[in-house]
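Okay, protein.cif now, which holds mmCIF, C-alpha atoms:
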```
data_final
loop_
_atom_site.label_atom_id
_atom_site.label_comp_id
_atom_site.auth_asym_id
_atom_site.auth_seq_id
_atom_site.Cartn_x
_atom_site.Cartn_y
_atom_site.Cartn_z
CA MET A 1 56.35 -33.66 5.19
CA THR A 2 59.02 -32.00 3.09
CA LYS A 3 59.28 -28.21 2.86
CA GLN A 4 58.14 -28.40 -0.77
CA ASN A 5 55.07 -30.49 0.11
CA TRP A 6 54.31 -28.21 3.08
CA MET A 7 54.37 -25.15 0.81
CA LYS A 8 52.05 -26.92 -1.68
CA SER A 9 49.68 -27.75 1.16
CA VAL A 10 49.66 -24.21 2.50
CA LEU A 11 49.28 -22.62 -0.94
CA GLY A 12 46.59 -25.14 -1.78
CA GLY A 13 44.75 -24.15 1.41
CA PHE A 14 45.02 -20.47 0.51
CA ALA A 15 43.68 -21.24 -2.95
CA LEU A 16 40.71 -23.13 -1.54
CA SER A 17 40.04 -20.31 0.91
CA ALA A 18 40.18 -17.75 -1.89
CA MET A 19 37.81 -19.88 -3.95
CA SER A 20 35.43 -20.13 -0.98
CA VAL A 21 35.51 -16.36 -0.49
CA ALA A 22 34.83 -15.84 -4.20
CA VAL A 23 31.90 -18.26 -4.10
CA MET A 24 30.50 -16.54 -1.03
CA ALA A 25 30.89 -13.13 -2.64
CA ALA A 26 29.10 -14.33 -5.75
CA ALA A 27 26.17 -15.88 -3.86
CA PRO A 28 22.93 -14.15 -4.89
CA ILE A 29 20.89 -11.96 -2.58
CA LYS A 30 17.52 -13.61 -2.08
CA VAL A 31 14.46 -11.38 -2.04
CA GLY A 32 11.22 -13.01 -0.93
CA PHE A 33 7.90 -11.72 -2.23
CA ILE A 34 4.74 -12.48 -0.27
CA GLY A 35 1.27 -11.72 -1.59
CA SER A 36 -1.84 -13.10 -3.27
CA MET A 37 -0.83 -14.38 -6.69
CA SER A 38 -4.42 -14.45 -7.95
CA SER A 39 -5.23 -10.82 -7.11
CA ASP A 40 -4.49 -7.67 -9.10
CA SER A 41 -2.68 -6.17 -6.13
CA GLY A 42 -0.50 -9.26 -5.69
CA LEU A 43 0.33 -9.41 -9.39
CA SER A 44 1.08 -5.68 -9.36
CA GLY A 45 3.57 -6.28 -6.57
CA ILE A 46 5.44 -9.29 -7.91
CA ARG A 47 5.69 -7.81 -11.42
CA ALA A 48 7.07 -4.58 -9.99
CA ALA A 49 9.59 -6.61 -7.97
CA GLU A 50 10.68 -8.45 -11.13
CA ILE A 51 11.23 -5.16 -12.97
CA ALA A 52 13.15 -3.57 -10.09
CA ILE A 53 15.38 -6.63 -9.65
CA ASP A 54 16.12 -6.87 -13.36
CA GLU A 55 17.13 -3.21 -13.43
CA VAL A 56 19.35 -3.58 -10.36
CA ASN A 57 21.00 -6.72 -11.76
CA ALA A 58 21.55 -5.04 -15.14
CA ALA A 59 23.37 -2.25 -13.31
CA GLY A 60 25.74 -4.70 -11.61
CA GLY A 61 23.68 -5.95 -8.70
CA VAL A 62 24.38 -5.09 -5.07
CA ASN A 63 28.10 -4.86 -4.34
CA GLY A 64 28.67 -7.31 -7.19
CA GLN A 65 26.00 -9.76 -6.06
CA GLN A 66 23.03 -10.51 -8.28
CA VAL A 67 19.53 -10.46 -6.81
CA GLU A 68 17.21 -13.47 -6.97
CA LEU A 69 13.42 -13.42 -6.42
CA VAL A 70 11.48 -16.11 -4.54
CA SER A 71 7.71 -15.84 -4.17
CA ALA A 72 5.09 -17.27 -1.80
CA ASP A 73 1.31 -17.10 -2.21
CA THR A 74 -0.84 -15.87 0.69
CA ARG A 75 -4.17 -16.35 -1.12
CA GLU A 76 -5.30 -13.33 0.95
CA ASP A 77 -5.77 -15.74 3.85
CA PRO A 78 -4.08 -15.22 7.26
CA THR A 79 -3.27 -18.90 7.77
CA GLU A 80 -1.80 -19.24 4.27
CA GLY A 81 0.06 -15.97 4.78
CA LEU A 82 1.70 -17.32 7.92
CA LYS A 83 2.78 -20.46 6.05
CA ALA A 84 4.09 -18.37 3.17
CA TYR A 85 6.23 -16.23 5.48
CA GLU A 86 7.59 -19.35 7.21
CA PHE A 87 8.48 -20.84 3.81
CA LEU A 88 10.42 -17.75 2.78
CA ALA A 89 12.24 -17.62 6.12
CA GLU A 90 12.95 -21.30 6.74
CA SER A 91 13.05 -23.08 3.37
CA ALA A 92 14.03 -20.32 0.92
CA GLU A 93 16.24 -18.58 3.53
CA VAL A 94 15.68 -15.18 1.97
CA ASP A 95 17.64 -12.09 2.99
CA PHE A 96 14.75 -9.65 2.61
CA ILE A 97 10.95 -9.87 2.31
CA ILE A 98 8.70 -7.47 0.43
CA SER A 99 5.01 -7.87 1.10
CA SER A 100 1.79 -7.10 -0.74
CA SER A 101 -0.25 -8.58 2.10
CA ILE A 102 -3.57 -7.19 3.25
CA ASP A 103 -3.72 -6.05 6.89
CA ASP A 104 -5.10 -9.28 8.35
CA VAL A 105 -2.40 -11.33 6.63
CA SER A 106 0.43 -9.05 7.78
CA LEU A 107 -0.86 -9.30 11.32
CA ALA A 108 -0.85 -13.10 11.00
CA TRP A 109 2.82 -13.33 10.02
CA MET A 110 4.00 -10.51 12.29
CA PRO A 111 5.00 -12.89 15.15
CA ARG A 112 7.27 -14.73 12.69
CA PHE A 113 8.83 -11.46 11.62
CA MET A 114 9.56 -10.74 15.28
CA GLU A 115 11.12 -14.19 15.60
CA TYR A 116 13.23 -14.28 12.42
CA GLN A 117 14.07 -10.56 12.23
CA ILE A 118 14.29 -10.68 8.44
CA PRO A 119 14.16 -7.12 7.06
CA THR A 120 10.61 -6.68 5.73
CA LEU A 121 8.79 -3.97 3.77
CA ASP A 122 4.97 -3.82 3.64
CA THR A 123 3.63 -2.14 0.48
CA TRP A 124 -0.14 -2.72 0.89
CA ALA A 125 -1.02 -3.17 4.56
CA SER A 126 -1.71 0.15 6.26
CA TYR A 127 -2.82 -0.79 9.78
CA VAL A 128 -1.56 1.92 12.12
CA GLY A 129 -1.38 -0.63 14.94
CA ILE A 130 1.69 -2.12 13.26
CA ILE A 131 3.38 1.28 13.22
CA ASP A 132 2.49 1.59 16.90
CA MET A 133 4.40 -1.66 17.43
CA VAL A 134 7.45 0.00 15.87
CA LYS A 135 6.95 2.96 18.20
CA ASP A 136 6.56 0.80 21.30
CA ASP A 137 9.31 -1.73 20.48
CA PRO A 138 11.88 0.07 18.33
CA GLU A 139 14.51 -2.65 18.74
CA GLY A 140 12.28 -5.64 18.06
CA MET A 141 10.64 -3.89 15.07
CA LYS A 142 13.69 -2.06 13.71
CA ASN A 143 13.77 -4.13 10.51
CA TYR A 144 10.13 -3.47 9.62
CA PHE A 145 9.04 -0.65 7.25
CA MET A 146 5.67 0.30 5.70
CA ASN A 147 5.74 2.46 2.55
CA VAL A 148 2.00 3.10 2.30
CA ALA A 149 0.55 5.78 4.56
CA SER A 150 -1.04 4.19 7.64
CA ASP A 151 -4.82 4.07 7.81
CA GLU A 152 -4.91 6.82 10.42
CA ALA A 153 -3.18 9.17 7.98
CA LEU A 154 -5.50 8.06 5.17
CA ALA A 155 -8.57 8.72 7.29
CA THR A 156 -7.22 12.05 8.58
CA LEU A 157 -6.89 13.52 5.10
CA TYR A 158 -10.19 11.96 4.08
CA ILE A 159 -11.85 13.88 6.91
CA ASN A 160 -10.63 17.05 5.20
CA PHE A 161 -12.35 15.83 2.03
CA GLY A 162 -15.48 15.37 4.11
CA ALA A 163 -15.32 18.94 5.33
CA ASP A 164 -14.16 20.60 2.09
CA VAL A 165 -16.29 18.68 -0.42
CA LEU A 166 -18.98 16.49 1.14
CA LYS A 167 -20.09 19.11 3.68
CA ALA A 168 -19.14 22.45 2.13
CA LYS A 169 -19.83 21.65 -1.54
CA MET A 170 -22.48 18.91 -1.48
CA GLY A 171 -24.26 19.94 1.71
CA PHE A 172 -24.09 16.47 3.30
CA GLU A 173 -24.64 16.50 7.04
CA SER A 174 -24.97 12.82 7.96
CA VAL A 175 -23.50 9.46 6.96
CA VAL A 176 -24.15 5.74 7.38
CA ILE A 177 -21.01 3.58 7.44
CA LEU A 178 -21.19 0.29 5.53
CA ALA A 179 -18.06 -1.68 6.40
CA GLU A 180 -16.75 -5.22 6.02
CA ASP A 181 -15.83 -7.10 9.19
CA THR A 182 -12.01 -7.07 8.89
CA ALA A 183 -9.13 -5.50 10.80
CA PHE A 184 -8.89 -2.82 8.13
CA GLY A 185 -12.65 -2.24 8.22
CA GLU A 186 -12.59 -1.93 11.99
CA ALA A 187 -9.69 0.52 11.96
CA ILE A 188 -11.14 2.80 9.28
CA THR A 189 -14.62 2.69 10.85
CA GLY A 190 -13.22 3.76 14.19
CA LEU A 191 -11.21 6.61 12.73
CA VAL A 192 -14.07 7.91 10.59
CA THR A 193 -16.63 7.60 13.39
CA GLU A 194 -14.44 9.52 15.80
CA ALA A 195 -13.50 12.29 13.37
CA LEU A 196 -16.30 12.97 10.88
CA ALA A 197 -18.65 14.56 13.38
CA PRO A 198 -16.24 16.77 15.39
CA VAL A 199 -13.92 17.74 12.52
CA ALA A 200 -16.04 17.69 9.35
CA GLY A 201 -19.35 18.38 11.05
CA ILE A 202 -20.96 15.24 9.62
CA GLU A 203 -23.09 13.10 11.93
CA VAL A 204 -22.62 9.31 11.87
CA LYS A 205 -26.18 7.93 11.86
CA GLU A 206 -25.34 4.23 11.96
CA VAL A 207 -22.57 1.68 11.43
CA ILE A 208 -23.53 -1.41 9.41
CA LYS A 209 -21.02 -4.28 9.41
CA TYR A 210 -21.14 -7.18 6.99
CA ASP A 211 -19.27 -10.46 6.52
CA ILE A 212 -16.76 -10.61 3.66
CA THR A 213 -18.66 -13.61 2.20
CA THR A 214 -21.74 -11.41 1.60
CA THR A 215 -22.98 -11.52 -2.01
CA ASP A 216 -26.44 -9.91 -1.73
CA PHE A 217 -26.06 -6.30 -0.59
CA SER A 218 -29.65 -5.19 -1.22
CA PRO A 219 -30.76 -5.60 2.45
CA LEU A 220 -27.75 -3.56 3.55
CA PHE A 221 -28.53 -0.78 1.09
CA SER A 222 -32.16 -0.76 2.27
CA LYS A 223 -30.97 -0.42 5.85
CA ALA A 224 -28.64 2.40 4.82
CA GLU A 225 -31.54 4.27 3.19
CA GLN A 226 -33.69 3.80 6.28
CA SER A 227 -31.00 5.37 8.46
CA GLY A 228 -31.90 8.77 7.01
CA ALA A 229 -28.25 9.56 6.23
CA ASP A 230 -27.24 11.83 3.35
CA PHE A 231 -24.58 9.45 1.99
CA ILE A 232 -22.92 6.07 2.48
CA TYR A 233 -19.31 5.61 3.57
CA GLN A 234 -18.23 2.14 2.47
CA VAL A 235 -15.17 0.15 3.53
CA SER A 236 -14.74 -2.72 1.09
CA THR A 237 -11.59 -4.66 0.24
CA VAL A 238 -13.20 -8.05 -0.56
CA ASN A 239 -15.88 -8.41 -3.28
CA ALA A 240 -15.84 -4.64 -3.66
CA ALA A 241 -16.74 -4.84 -7.37
CA GLY A 242 -19.88 -6.82 -6.51
CA LEU A 243 -20.96 -4.25 -3.96
CA SER A 244 -20.37 -1.44 -6.47
CA ALA A 245 -22.29 -3.13 -9.28
CA GLN A 246 -25.30 -3.77 -7.04
CA TYR A 247 -25.23 -0.16 -5.84
CA VAL A 248 -25.55 1.03 -9.46
CA LYS A 249 -28.03 -1.59 -10.62
CA LEU A 250 -30.29 -0.96 -7.61
CA GLN A 251 -30.02 2.81 -8.24
CA VAL A 252 -29.45 3.42 -4.53
CA PRO A 253 -30.51 7.06 -4.03
CA LEU A 254 -27.53 7.98 -1.86
CA ALA A 255 -24.04 9.01 -2.87
CA MET A 256 -21.45 6.39 -1.88
CA THR A 257 -17.84 7.12 -1.12
CA GLY A 258 -15.20 5.71 1.22
CA VAL A 259 -12.72 2.89 0.55
CA ASN A 260 -13.33 0.54 -2.39
CA VAL A 261 -10.33 -1.58 -3.34
CA ALA A 262 -11.86 -2.74 -6.63
CA ALA A 263 -12.04 0.88 -7.80
CA LEU A 264 -8.26 1.20 -7.43
CA GLY A 265 -7.62 -0.69 -10.66
CA HIS A 266 -8.18 0.02 -14.36
CA GLU A 267 -10.18 -3.20 -14.67
CA TYR A 268 -12.86 -1.89 -12.31
CA TRP A 269 -15.22 -0.71 -15.06
CA GLY A 270 -15.13 -4.06 -16.81
CA ASP A 271 -15.38 -6.01 -13.55
CA THR A 272 -18.63 -4.23 -12.72
CA GLY A 273 -20.00 -4.74 -16.23
CA GLY A 274 -19.97 -0.99 -16.73
CA ALA A 275 -21.96 -0.53 -13.52
CA GLY A 276 -19.30 1.36 -11.61
CA ALA A 277 -20.45 4.95 -12.07
CA GLY A 278 -20.39 7.39 -9.19
CA ILE A 279 -18.22 5.28 -6.90
CA SER A 280 -15.47 7.24 -5.21
CA THR A 281 -12.72 5.87 -3.02
CA LEU A 282 -9.79 7.16 -1.09
CA SER A 283 -6.61 5.72 -2.54
CA PRO A 284 -3.02 5.68 -1.41
CA ILE A 285 -0.86 7.15 -4.14
CA PRO A 286 0.03 6.68 -6.94
CA ALA A 287 -3.63 6.11 -7.74
CA VAL A 288 -5.61 5.10 -10.80
CA GLY A 289 -6.45 8.32 -12.65
CA LEU A 290 -3.51 10.22 -11.12
CA ASP A 291 -1.20 12.22 -13.37
CA LEU A 292 2.24 10.61 -13.02
CA ASP A 293 5.70 12.07 -12.57
CA PRO A 294 8.26 11.15 -15.29
CA VAL A 295 10.02 8.44 -13.22
CA SER A 296 6.79 6.65 -12.35
CA ALA A 297 5.53 7.06 -15.92
CA GLU A 298 8.69 5.35 -17.21
CA PHE A 299 8.08 2.46 -14.80
CA VAL A 300 4.53 2.10 -16.14
CA GLU A 301 5.84 2.11 -19.72
CA THR A 302 8.24 -0.72 -18.85
CA TYR A 303 5.48 -2.60 -17.04
CA GLN A 304 3.03 -2.37 -19.93
CA SER A 305 5.63 -3.38 -22.52
CA ARG A 306 6.39 -6.49 -20.48
CA TYR A 307 2.97 -7.63 -19.22
CA THR A 308 -0.18 -7.75 -21.31
CA SER A 309 -2.59 -9.52 -18.92
CA ARG A 310 -4.44 -7.83 -16.06
CA PRO A 311 -3.72 -5.69 -14.22
CA VAL A 312 -2.85 -3.55 -17.22
CA MET A 313 -1.45 -0.89 -14.89
CA PRO A 314 0.07 -1.54 -11.46
CA HIS A 315 -1.94 -0.69 -8.37
CA PHE A 316 -0.42 1.70 -5.83
CA ASN A 317 1.41 -1.16 -4.12
CA GLY A 318 3.14 -1.94 -7.43
CA PHE A 319 4.72 1.51 -7.43
CA ASN A 320 5.55 1.07 -3.74
CA THR A 321 7.21 -2.27 -4.49
CA TYR A 322 9.23 -0.89 -7.39
CA HIS A 323 10.57 2.14 -5.55
CA GLY A 324 10.72 0.48 -2.12
CA LEU A 325 12.67 -2.56 -3.25
CA LYS A 326 15.24 -0.36 -4.94
CA GLN A 327 15.58 1.62 -1.71
CA ALA A 328 15.97 -1.56 0.34
CA LEU A 329 18.70 -2.84 -1.99
CA SER A 330 20.41 0.56 -1.95
CA ALA A 331 20.43 0.42 1.85
CA ALA A 332 21.87 -3.11 1.68
CA SER A 333 24.62 -1.83 -0.61
CA GLU A 334 25.50 0.86 1.93
CA ALA A 335 25.31 -1.51 4.91
CA ARG A 336 27.12 -4.33 3.09
CA GLY A 337 24.13 -6.61 3.42
CA PHE A 338 20.84 -6.99 5.27
CA GLY A 339 22.41 -7.50 8.69
CA ASP A 340 23.45 -4.96 11.30
CA GLY A 341 23.27 -1.45 9.94
CA TRP A 342 20.65 -2.12 7.27
CA ALA A 343 17.75 -0.56 9.19
CA GLU A 344 19.77 2.58 9.88
CA ALA A 345 20.70 2.84 6.20
CA MET A 346 17.07 2.25 5.18
CA GLU A 347 15.89 5.06 7.49
CA LYS A 348 18.05 7.49 5.49
CA GLN A 349 16.56 6.56 2.11
CA ASP A 350 14.57 9.49 0.72
CA LEU A 351 13.36 9.52 -2.89
CA LYS A 352 11.73 12.75 -4.11
CA LEU A 353 9.92 12.58 -7.43
CA MET A 354 9.16 15.87 -9.15
CA LYS A 355 6.51 16.88 -11.69
CA ASP A 356 6.45 20.28 -13.41
CA GLY A 357 8.91 21.63 -10.86
CA GLU A 358 6.83 20.54 -7.85
CA LEU A 359 7.29 17.73 -5.36
CA TRP A 360 4.82 15.06 -6.51
CA LEU A 361 5.69 11.81 -4.74
CA ARG A 362 8.07 11.11 -1.88
CA TYR A 363 9.44 7.83 -0.57
CA GLY A 364 11.05 8.84 2.71
CA TRP A 365 10.52 7.71 6.29
CA TRP A 366 9.24 9.20 9.51
CA GLN A 367 11.93 8.94 12.16
CA HIS A 368 11.33 7.72 15.71
CA ASP A 369 11.45 11.16 17.33
CA GLU A 370 9.53 13.11 14.65
CA VAL A 371 6.03 14.33 15.48
CA GLU A 372 3.58 14.74 12.60
CA PRO A 373 2.09 18.23 13.18
CA VAL A 374 -1.56 17.58 12.22
CA THR A 375 -2.15 14.44 14.29
CA GLY A 376 0.45 15.28 16.93
CA ARG A 377 1.86 11.74 17.02
CA THR A 378 4.79 9.73 15.68
CA TYR A 379 4.83 7.23 12.78
CA PRO A 380 8.30 5.61 12.88
CA HIS A 381 9.18 3.62 9.74
CA ASN A 382 5.96 4.67 8.01
CA ILE A 383 6.33 6.43 4.65
CA ARG A 384 6.57 10.19 5.06
CA PHE A 385 3.25 11.83 4.19
CA ASP A 386 1.93 15.39 4.24
CA LEU A 387 -1.57 16.10 5.59
CA SER A 388 -1.95 19.74 4.63
CA GLU A 389 -1.70 21.99 1.58
CA PRO A 390 0.49 22.81 -0.30
CA PHE A 391 2.03 19.33 0.17
CA ASP A 392 5.57 20.64 -0.18
CA ASP A 393 7.12 18.39 2.51
CA GLY A 394 5.81 15.13 1.10
CA ALA A 395 3.00 13.68 -0.93
CA PRO A 396 -0.49 13.57 0.58
CA SER A 397 -1.37 10.35 2.39
CA MET A 398 -4.10 9.72 -0.18
CA VAL A 399 -6.21 11.14 -2.98
CA VAL A 400 -9.92 10.64 -3.65
CA VAL A 401 -10.69 8.98 -6.98
CA GLN A 402 -14.19 8.93 -8.52
CA TRP A 403 -15.38 6.89 -11.51
CA HIS A 404 -17.67 9.01 -13.65
CA GLU A 405 -20.44 7.78 -15.93
CA ASP A 406 -18.12 8.08 -18.93
CA GLY A 407 -16.27 5.05 -17.56
CA LYS A 408 -13.14 6.95 -16.57
CA PRO A 409 -11.49 7.56 -13.17
CA TYR A 410 -10.64 11.09 -12.03
CA VAL A 411 -8.76 12.40 -9.02
CA VAL A 412 -11.21 14.79 -7.33
CA TYR A 413 -9.27 15.68 -4.15
CA PRO A 414 -7.01 17.31 -3.02
CA GLU A 415 -6.97 20.30 -5.34
CA LYS A 416 -3.27 20.09 -6.22
CA TYR A 417 -3.74 16.59 -7.65
CA ALA A 418 -7.33 16.92 -8.95
CA ASN A 419 -8.10 16.45 -12.64
CA GLY A 420 -11.89 16.17 -12.24
CA ASP A 421 -14.81 17.18 -9.98
CA PHE A 422 -16.74 15.16 -7.41
CA VAL A 423 -20.24 14.68 -8.85
CA LEU A 424 -23.42 12.86 -7.89
CA PRO A 425 -24.51 9.90 -10.04
CA SER A 426 -27.38 10.86 -12.36
CA TRP A 427 -29.95 8.85 -10.34
CA VAL A 428 -29.04 10.44 -6.98
CA PRO A 429 -31.05 13.61 -6.24
CA PRO A 430 -29.08 16.59 -4.95
CA LYS A 431 -29.56 17.47 -1.30
CA LYS A 432 -32.25 20.10 -0.86
#
```

Encoded form (structure tokens):
Amino acid sequence: MTKQNWMKSVLGGFALSAMSVAVMAAAPIKVGFIGSMSSDSGLSGIRAAEIAIDEVNAAGGVNGQQVELVSADTREDPTEGLKAYEFLAESAEVDFIISSSIDDVSLAWMPRFMEYQIPTLDTWASYVGIIDMVKDDPEGMKNYFMNVASDEALATLYINFGADVLKAKMGFESVVILAEDTAFGEAITGLVTEALAPVAGIEVKEVIKYDITTTDFSPLFSKAEQSGADFIYQVSTVNAAGLSAQYVKLQVPLAMTGVNVAALGHEYWGDTGGAGAGISTLSPIPAVGLDLDPVSAEFVETYQSRYTSRPVMPHFNGFNTYHGLKQALSAASEARGFGDGWAEAMEKQDLKLMKDGELWLRYGWWQHDEVEPVTGRTYPHNIRFDLSEPFDDGAPSMVVVQWHEDGKPYVVYPEKYANGDFVLPSWVPPKK
């Protein structure tokens, strides 16, 4: 080979290498979304992800790379959820996964997360057992984050509602728990059973479990009445609108509060045929009926200008997806990708949203060595929440929302976020 040909060969090799580097640099970042595409919560999540990605791409992407979204449907079924996660990991080869999975589905794909170690953010599941996995195996779970307050935190603040409102204001002294037979139902039932009596001074008369395929709730309501309890605490994530409508139509003479996923959306009133009055539910924030900070309000404005079908307003996990995905991509920008260093960069993300000069919402993270003062335990990689007034270190883990007979939702607890009062439905007699 002549010197001239050798130089051409070498320069040609450099050119090809440069082209390869340029192609690699331009390769898109793949974000996988996993959730139920036929549910309001799933649609809230994927739409929020689309908005966040479009905004990031419009601003130049992540270190010059554009972001691409790939979705997989869980159908709110653990087996389908496992398949969906495997598809995103193996076939789509995504760099990051954001999930709107319910607890049982997240638990189903968790072994695959442990295997693939793809950075993953849960925006709906709240099972504290997953956070305990992060605590017990910080290395194996370092790439997992949950930006909805864990169910233990939700229940802890709800116990305060029990003491401050149900006991002190309404005079309730006993409760019957009506809960679906799911991992979430089991967790919330256990927490409420253990805490209502000793902390709020409310006796748990009975726990009634029901299968998620139940359609006729009248025998369950009759059993609840016969328990002699002052009110019903429901835990319902599946067919919750049906349970609510039957409660109203049967004029069950007990107040009913607790966790009702159907009541978390603006479509609730229509879904119950206008038979949704009196139902109250704890809700992670931002909640339906909650006054929004300017940043979240702008997100809603964008959402509603872009999507006209239900859900007309994103559920709480939609907000979590929007803000959380931006944080995850910001961490990737700092760490130069989703590999080594991403988890550490994600741990430092801390978004504080203000309203009228006060801290309103906060998307930060509990660190491994931080002890939450009310519960006295750690919640590594769970969203930072505040369990006591005046909520100046973080947003509360939840608010209580009640649908009144005027067909509108109001936040009734805690006081800082309240824009309405907790009231009994017109057919429920006040406690004597």

For this session: List the neighbours of Gln402 in chain A out to 12 Å using all atoms listed in the file; skip same-chain residues closer than 5 positions along the sequence, and give me the result as a PyMOL selection string.
Result: chain A and resi 255-260+263-265+268-269+276-283+287-290+407-413+418-425

For this session: I need the residue set behind the PyMOL selection byres ((chain A and resi 171) around 10) for this file; please write it as a PyMOL selection string.
Result: chain A and resi 163+165-170+172-174+202+230+430-432

Apply the PyMOL selection byres ((chain A and resi 331) around 9) to the structure shown and report the selected residues as a PDB file with C-alpha atoms, in the frame of the given file.
```
ATOM      1  CA  LYS A 326      15.240  -0.360  -4.940  1.00  0.00           C
ATOM      2  CA  GLN A 327      15.580   1.620  -1.710  1.00  0.00           C
ATOM      3  CA  ALA A 328      15.970  -1.560   0.340  1.00  0.00           C
ATOM      4  CA  LEU A 329      18.700  -2.840  -1.990  1.00  0.00           C
ATOM      5  CA  SER A 330      20.410   0.560  -1.950  1.00  0.00           C
ATOM      6  CA  ALA A 332      21.870  -3.110   1.680  1.00  0.00           C
ATOM      7  CA  SER A 333      24.620  -1.830  -0.610  1.00  0.00           C
ATOM      8  CA  GLU A 334      25.500   0.860   1.930  1.00  0.00           C
ATOM      9  CA  ALA A 335      25.310  -1.510   4.910  1.00  0.00           C
ATOM     10  CA  ARG A 336      27.120  -4.330   3.090  1.00  0.00           C
ATOM     11  CA  GLY A 337      24.130  -6.610   3.420  1.00  0.00           C
ATOM     12  CA  PHE A 338      20.840  -6.990   5.270  1.00  0.00           C
ATOM     13  CA  GLY A 341      23.270  -1.450   9.940  1.00  0.00           C
ATOM     14  CA  TRP A 342      20.650  -2.120   7.270  1.00  0.00           C
ATOM     15  CA  ALA A 343      17.750  -0.560   9.190  1.00  0.00           C
ATOM     16  CA  GLU A 344      19.770   2.580   9.880  1.00  0.00           C
ATOM     17  CA  ALA A 345      20.700   2.840   6.200  1.00  0.00           C
ATOM     18  CA  MET A 346      17.070   2.250   5.180  1.00  0.00           C
ATOM     19  CA  GLU A 347      15.890   5.060   7.490  1.00  0.00           C
ATOM     20  CA  LYS A 348      18.050   7.490   5.490  1.00  0.00           C
ATOM     21  CA  GLN A 349      16.560   6.560   2.110  1.00  0.00           C
TER      22      GLN A 349
END
```

For this session: Expand the PyMOL selection byres ((chain A and resi 100-111) around 6) into the individual residues it matches in the shown file, reporting them as a VMD selection string.
Result: chain A and resid 35 42 78 81 to 82 99 112 to 114 123 to 125

Contacts of range 361-374 of chain A at 9 Å (all atoms listed in the file; same-chain gap of 5+ positions) as a PDB file with C-alpha atoms, in the frame of the given file:
```pdb
ATOM      1  CA  VAL A 134       7.450   0.000  15.870  1.00  0.00           C
ATOM      2  CA  LYS A 135       6.950   2.960  18.200  1.00  0.00           C
ATOM      3  CA  PRO A 138      11.880   0.070  18.330  1.00  0.00           C
ATOM      4  CA  PHE A 145       9.040  -0.650   7.250  1.00  0.00           C
ATOM      5  CA  MET A 146       5.670   0.300   5.700  1.00  0.00           C
ATOM      6  CA  ASN A 147       5.740   2.460   2.550  1.00  0.00           C
ATOM      7  CA  THR A 156      -7.220  12.050   8.580  1.00  0.00           C
ATOM      8  CA  ILE A 285      -0.860   7.150  -4.140  1.00  0.00           C
ATOM      9  CA  PRO A 286       0.030   6.680  -6.940  1.00  0.00           C
ATOM     10  CA  ASP A 293       5.700  12.070 -12.570  1.00  0.00           C
ATOM     11  CA  ASN A 320       5.550   1.070  -3.740  1.00  0.00           C
ATOM     12  CA  HIS A 323      10.570   2.140  -5.550  1.00  0.00           C
ATOM     13  CA  GLY A 324      10.720   0.480  -2.120  1.00  0.00           C
ATOM     14  CA  GLN A 327      15.580   1.620  -1.710  1.00  0.00           C
ATOM     15  CA  MET A 346      17.070   2.250   5.180  1.00  0.00           C
ATOM     16  CA  GLU A 347      15.890   5.060   7.490  1.00  0.00           C
ATOM     17  CA  LYS A 348      18.050   7.490   5.490  1.00  0.00           C
ATOM     18  CA  GLN A 349      16.560   6.560   2.110  1.00  0.00           C
ATOM     19  CA  ASP A 350      14.570   9.490   0.720  1.00  0.00           C
ATOM     20  CA  LEU A 351      13.360   9.520  -2.890  1.00  0.00           C
ATOM     21  CA  LYS A 352      11.730  12.750  -4.110  1.00  0.00           C
ATOM     22  CA  LEU A 353       9.920  12.580  -7.430  1.00  0.00           C
ATOM     23  CA  MET A 354       9.160  15.870  -9.150  1.00  0.00           C
ATOM     24  CA  LYS A 355       6.510  16.880 -11.690  1.00  0.00           C
ATOM     25  CA  TYR A 379       4.830   7.230  12.780  1.00  0.00           C
ATOM     26  CA  PRO A 380       8.300   5.610  12.880  1.00  0.00           C
ATOM     27  CA  HIS A 381       9.180   3.620   9.740  1.00  0.00           C
ATOM     28  CA  ASN A 382       5.960   4.670   8.010  1.00  0.00           C
ATOM     29  CA  ILE A 383       6.330   6.430   4.650  1.00  0.00           C
ATOM     30  CA  ARG A 384       6.570  10.190   5.060  1.00  0.00           C
ATOM     31  CA  PHE A 385       3.250  11.830   4.190  1.00  0.00           C
ATOM     32  CA  ASP A 386       1.930  15.390   4.240  1.00  0.00           C
ATOM     33  CA  LEU A 387      -1.570  16.100   5.590  1.00  0.00           C
ATOM     34  CA  SER A 388      -1.950  19.740   4.630  1.00  0.00           C
ATOM     35  CA  ASP A 393       7.120  18.390   2.510  1.00  0.00           C
ATOM     36  CA  GLY A 394       5.810  15.130   1.100  1.00  0.00           C
ATOM     37  CA  ALA A 395       3.000  13.680  -0.930  1.00  0.00           C
ATOM     38  CA  PRO A 396      -0.490  13.570   0.580  1.00  0.00           C
TER      39      PRO A 396
END
```

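Put simply, CA of Asp211 in chain A is 27.8 Å away from CA of Ser397 in chain A.
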
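Of note, CA of Leu157 in chain A and CA of Val235 in chain A are spaced 15.8 Å apart.
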
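The point (-30.1, -4.9, -1.8) has these residues within 12 Å of it, counting all atoms listed in the file: Thr214, Thr215, Asp216, Phe217, Ser218, Pro219, Leu220, Phe221, Ser222, Lys223, Ala224, Glu225, Gly242, Leu243, Ser244, Ala245, Gln246, Tyr247, Val248, Lys249, Leu250, Gln251 and Val252 of chain A.
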
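In this model, the gap between CA of Val401 in chain A and CA of Phe316 in chain A comes to 12.6 Å.
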
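You can rank A:Trp360, A:Glu139, A:Arg306, A:Val31 by their closest distance to Leu88 in chain A using only C-alpha atoms, and at the top of that list sits A:Val31.
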